Amino acid sequence: MAKESSHQAQAAGAHRVVVIVDENSNPFELGCATEIFGLRRPEIGRELYDFRLCSPEPSTVMRDGFFTLAGVAGLEVADMADTLIVPNRPDVEVPRRPAVLDTIRRAHARGARLIGFCSGAFTLAEAGVLDGRRATAHWQWADSFRSRFPAVHLESDVLFVDDGDILTAAGSAAALDLGLHVVRRDHGAEVANSVSRRLVFAAHRDGGQRQFVERPMPDFPDESLAPILAWAQERLDSPLTIADLAARAAVSPATLHRRFRTQLGTTPLAWLTGERLSLACRLIERGESRFEVVARLSGLGTATNLRALMRREKGITPSAYKRRFGSEAP
């Protein structure tokens with residue numbers, strides 16, 4: 001077994017994330033996992049995860065023979081994972097190694113969280129842990145996936161699916177979205193925002209957004225939504241409406257809606273609600289315990305509305321969020 005790094009030693013006792021790397025695995029998703037779960041976080045002041053790589057063989061040829069990975073631990077490390085990230089690769093029709101599938105089944109049986117990036121959904125389905133469950137995969141493989149695994153409820157036009165203890169992401173970039181979602185789920189919005197800033201990546205794209213978003217070259221004048229998004233983010237505590245956003249952008253509400261759909265894959269109202277909920281979470285994490293104040297400062301109006309939206313969108317109440325991520329949380 002490879003020696004533990006000093007980072008691993010310092011992260012002892014932290015939630016253990018293990019990535020299985022197998023023949024022809026995709027380097028990009030491996031890099032996403034390493035970047036999100038494996039790096040030190042001095043700006044946060046603590047290690048978030050104990051991160052390991054493992055492989056069924058002493059050396060692993062990565063996708064298309066780009067390079068060979070060696071010096072990582074064997075599959076036995078996966079038996080200690082709290083979160084196990086399964087292999088993904090472009091040759092989705094090639095069966096996975098029985099040893100890898102058995103490792104995934106053992107992890108699932110003992111209650112570990114399982115994550116599949118891109119074609120990793122095929123690995124999870126082949127292991128038999130996705131039957132009757134929700135999942136997603138890259139849109140180009142949707143028909144193939146459905147024909148091979150009809151017992152899985154495939155959602156083929158979303159970025160990622162969080163089905164509790166099994167999470168799947170649609171494609172390469174969506175691996176970053178899902179990774180940040182996991183950090184947010186484990187450590188709260190404030191920590192996830194810190195990680196996203198270091199990545200120079202959008203802090204939050206909801207999993208329900210579309211996989212394929214048209215991004216045409218803009219005609220003059222520039223139709224980018226960036227200025228209106230920045231303007232709205234500075235005024236979340238104000239009673240902004242879609243009409244207000246449209247007026248600021250000097251377009252009709254219908255045109256604004258179309259641009260949101262084209263550029264972000266969501267609606268103006270859904271984006272605005274998501275931004276306000278993220279702000280509400282940050283306020284709770286920073287110690288604001290008066291939910292009426294949280295609701296007012298985040299533009300959600302009342303504590304009743306805050307509770308309803310958090311329960312609907314995040315599956316948790318403000319009180320439970322405060323206990324988990326508030327300034328006095330253990």
# chains A, B, ... in the order shown; residues from 1 in each chain; ligands from 1
>>> residues_around(residues="segment 79-88 of chain A", least_positions_apart="3", cutoff="10 Å", atoms="only C-alpha atoms", output="PyMOL selection string")
chain A and resi 14-27+29-30+33+49-53+55+63+75-76+91-92+96+100-101+103-104+106-108+110-124+165-168
>>> residues_around(residues="Leu306 of chain A", least_positions_apart="3", cutoff="10 Å", atoms="only C-alpha atoms", output="MDAnalysis selection string")
chainID A and resid 276:277 280 291:292 294:296 298:303 309:312 317:318
>>> select_by_dssp(residues="segment 73-288 of chain A", states="alpha helix (DSSP H)", output="VMD selection string")
chain A and resid 98 to 109 120 to 126 142 to 148 172 to 187 189 to 199 226 to 233 242 to 249 253 to 264 268 to 285
>>> atom_distance(atom1="atom CA of Pro227 of chain A", atom2="atom CA of Ile36 of chain A")
28.0 Å
>>> closest_residue(among="A:Gly74, A:Gly287, A:Pro150, A:Pro56", to="Ala125 of chain A", atoms="only C-alpha atoms")
A:Pro150
>>> select_by_dssp(residues="segment 49-230 of chain A", states="strand (DSSP E or B)", output="MDAnalysis selection string")
chainID A and resid 49:54 59:61 68:70 73 83:85 113:117 134:135 153:154 160:162 166:169
>>> residues_around(residues="segment 128-134 of chain A", least_positions_apart="5", cutoff="8 Å", atoms="only C-alpha atoms", output="list in words")
Arg105, His108, Phe149, Ala151, Val152, His153, Leu154, Glu155, Val161 and Asp163 of chain A
>>> write_last_selection(atoms="N, CA and C atoms", output="mmCIF file, in the first residue's frame")
data_model
loop_
_atom_site.group_PDB
_atom_site.id
_atom_site.type_symbol
_atom_site.label_atom_id
_atom_site.label_comp_id
_atom_site.auth_asym_id
_atom_site.auth_seq_id
_atom_site.Cartn_x
_atom_site.Cartn_y
_atom_site.Cartn_z
ATOM 1 N N ARG A 105 -20.342 -2.849 -4.259
ATOM 2 C CA ARG A 105 -21.459 -3.491 -3.549
ATOM 3 C C ARG A 105 -21.207 -3.532 -2.046
ATOM 4 N N HIS A 108 -21.742 -0.055 -0.604
ATOM 5 C CA HIS A 108 -23.170 0.274 -0.532
ATOM 6 C C HIS A 108 -23.836 -0.469 0.620
ATOM 7 N N PHE A 149 -30.125 -0.722 -18.625
ATOM 8 C CA PHE A 149 -30.522 -0.693 -17.214
ATOM 9 C C PHE A 149 -31.931 -0.102 -17.068
ATOM 10 N N ALA A 151 -34.273 -0.706 -15.106
ATOM 11 C CA ALA A 151 -34.782 -0.578 -13.741
ATOM 12 C C ALA A 151 -34.340 0.724 -13.072
ATOM 13 N N VAL A 152 -33.437 1.465 -13.720
ATOM 14 C CA VAL A 152 -32.941 2.720 -13.164
ATOM 15 C C VAL A 152 -33.771 3.877 -13.710
ATOM 16 N N HIS A 153 -34.132 4.806 -12.865
ATOM 17 C CA HIS A 153 -34.900 5.981 -13.288
ATOM 18 C C HIS A 153 -33.922 7.064 -13.760
ATOM 19 N N LEU A 154 -33.583 7.033 -15.043
ATOM 20 C CA LEU A 154 -32.596 7.964 -15.589
ATOM 21 C C LEU A 154 -33.225 9.313 -15.872
ATOM 22 N N GLU A 155 -32.600 10.370 -15.340
ATOM 23 C CA GLU A 155 -33.003 11.745 -15.629
ATOM 24 C C GLU A 155 -31.921 12.320 -16.548
ATOM 25 N N VAL A 161 -27.844 14.399 -10.034
ATOM 26 C CA VAL A 161 -28.944 13.873 -9.226
ATOM 27 C C VAL A 161 -28.395 13.487 -7.865
ATOM 28 N N ASP A 163 -29.569 11.459 -4.905
ATOM 29 C CA ASP A 163 -30.568 10.504 -4.442
ATOM 30 C C ASP A 163 -30.200 9.969 -3.060
#
>>> closest_residue(among="A:Ser224, A:Gly31, A:Gly265, A:Leu180", to="Val158 of chain A", atoms="only C-alpha atoms")
A:Gly265
>>> closest_residue(among="A:His181, A:Leu272, A:Gly13, A:Lys314", to="Glu47 of chain A", atoms="only C-alpha atoms")
A:Gly13
>>> closest_residue(among="A:Leu69, A:Ile44, A:Leu39, A:Leu283", to="Leu297 of chain A", atoms="only C-alpha atoms")
A:Leu283
>>> closest_residue(among="A:Pro98, A:Gly171, A:Gly71, A:Gly45", to="Phe28 of chain A", atoms="only C-alpha atoms")
A:Gly171
>>> atom_distance(atom1="atom CA of Cys32 of chain A", atom2="atom CA of Leu176 of chain A")
6.1 Å
>>> atom_distance(atom1="atom CA of Ala70 of chain A", atom2="atom CA of Pro58 of chain A")
6.0 Å
>>> residues_around(residues="Leu225 of chain A", least_positions_apart="4", cutoff="8 Å", atoms="only C-alpha atoms", output="list of chain:residue names")
A:Leu229, A:Arg259, A:Phe260, A:Gln263
>>> write_last_selection(atoms="all heavy atoms", output="PDB file, in the first residue's frame")
ATOM      1  N   LEU A 229     -26.902  39.800 -13.472  1.00  0.00           N
ATOM      2  CA  LEU A 229     -26.750  38.868 -12.350  1.00  0.00           C
ATOM      3  C   LEU A 229     -25.998  39.544 -11.213  1.00  0.00           C
ATOM      4  O   LEU A 229     -26.391  39.431 -10.040  1.00  0.00           O
ATOM      5  CB  LEU A 229     -26.011  37.607 -12.794  1.00  0.00           C
ATOM      6  CG  LEU A 229     -26.671  36.751 -13.880  1.00  0.00           C
ATOM      7  CD1 LEU A 229     -25.855  35.501 -14.148  1.00  0.00           C
ATOM      8  CD2 LEU A 229     -28.102  36.391 -13.519  1.00  0.00           C
ATOM      9  N   ARG A 259     -33.330  34.465 -22.497  1.00  0.00           N
ATOM     10  CA  ARG A 259     -31.875  34.531 -22.291  1.00  0.00           C
ATOM     11  C   ARG A 259     -31.443  33.675 -21.104  1.00  0.00           C
ATOM     12  O   ARG A 259     -30.387  33.032 -21.145  1.00  0.00           O
ATOM     13  CB  ARG A 259     -31.445  35.981 -22.077  1.00  0.00           C
ATOM     14  CG  ARG A 259     -31.535  36.818 -23.336  1.00  0.00           C
ATOM     15  CD  ARG A 259     -31.005  38.222 -23.116  1.00  0.00           C
ATOM     16  NE  ARG A 259     -31.204  39.060 -24.291  1.00  0.00           N
ATOM     17  CZ  ARG A 259     -30.907  40.351 -24.352  1.00  0.00           C
ATOM     18  NH1 ARG A 259     -30.390  40.961 -23.279  1.00  0.00           N
ATOM     19  NH2 ARG A 259     -31.117  41.036 -25.458  1.00  0.00           N
ATOM     20  N   PHE A 260     -32.231  33.664 -20.032  1.00  0.00           N
ATOM     21  CA  PHE A 260     -31.906  32.803 -18.902  1.00  0.00           C
ATOM     22  C   PHE A 260     -31.911  31.341 -19.316  1.00  0.00           C
ATOM     23  O   PHE A 260     -31.024  30.569 -18.945  1.00  0.00           O
ATOM     24  CB  PHE A 260     -32.892  33.040 -17.749  1.00  0.00           C
ATOM     25  CG  PHE A 260     -32.416  34.021 -16.720  1.00  0.00           C
ATOM     26  CD1 PHE A 260     -32.479  35.385 -16.956  1.00  0.00           C
ATOM     27  CD2 PHE A 260     -31.885  33.587 -15.523  1.00  0.00           C
ATOM     28  CE1 PHE A 260     -32.039  36.301 -16.008  1.00  0.00           C
ATOM     29  CE2 PHE A 260     -31.439  34.490 -14.563  1.00  0.00           C
ATOM     30  CZ  PHE A 260     -31.513  35.849 -14.808  1.00  0.00           C
ATOM     31  N   GLN A 263     -28.760  30.831 -21.689  1.00  0.00           N
ATOM     32  CA  GLN A 263     -27.427  30.978 -21.113  1.00  0.00           C
ATOM     33  C   GLN A 263     -27.216  30.203 -19.812  1.00  0.00           C
ATOM     34  O   GLN A 263     -26.094  29.792 -19.512  1.00  0.00           O
ATOM     35  CB  GLN A 263     -27.123  32.459 -20.878  1.00  0.00           C
ATOM     36  CG  GLN A 263     -27.097  33.280 -22.166  1.00  0.00           C
ATOM     37  CD  GLN A 263     -26.760  34.749 -21.925  1.00  0.00           C
ATOM     38  OE1 GLN A 263     -25.966  35.077 -21.056  1.00  0.00           O
ATOM     39  NE2 GLN A 263     -27.377  35.635 -22.694  1.00  0.00           N
TER      40      GLN A 263
END
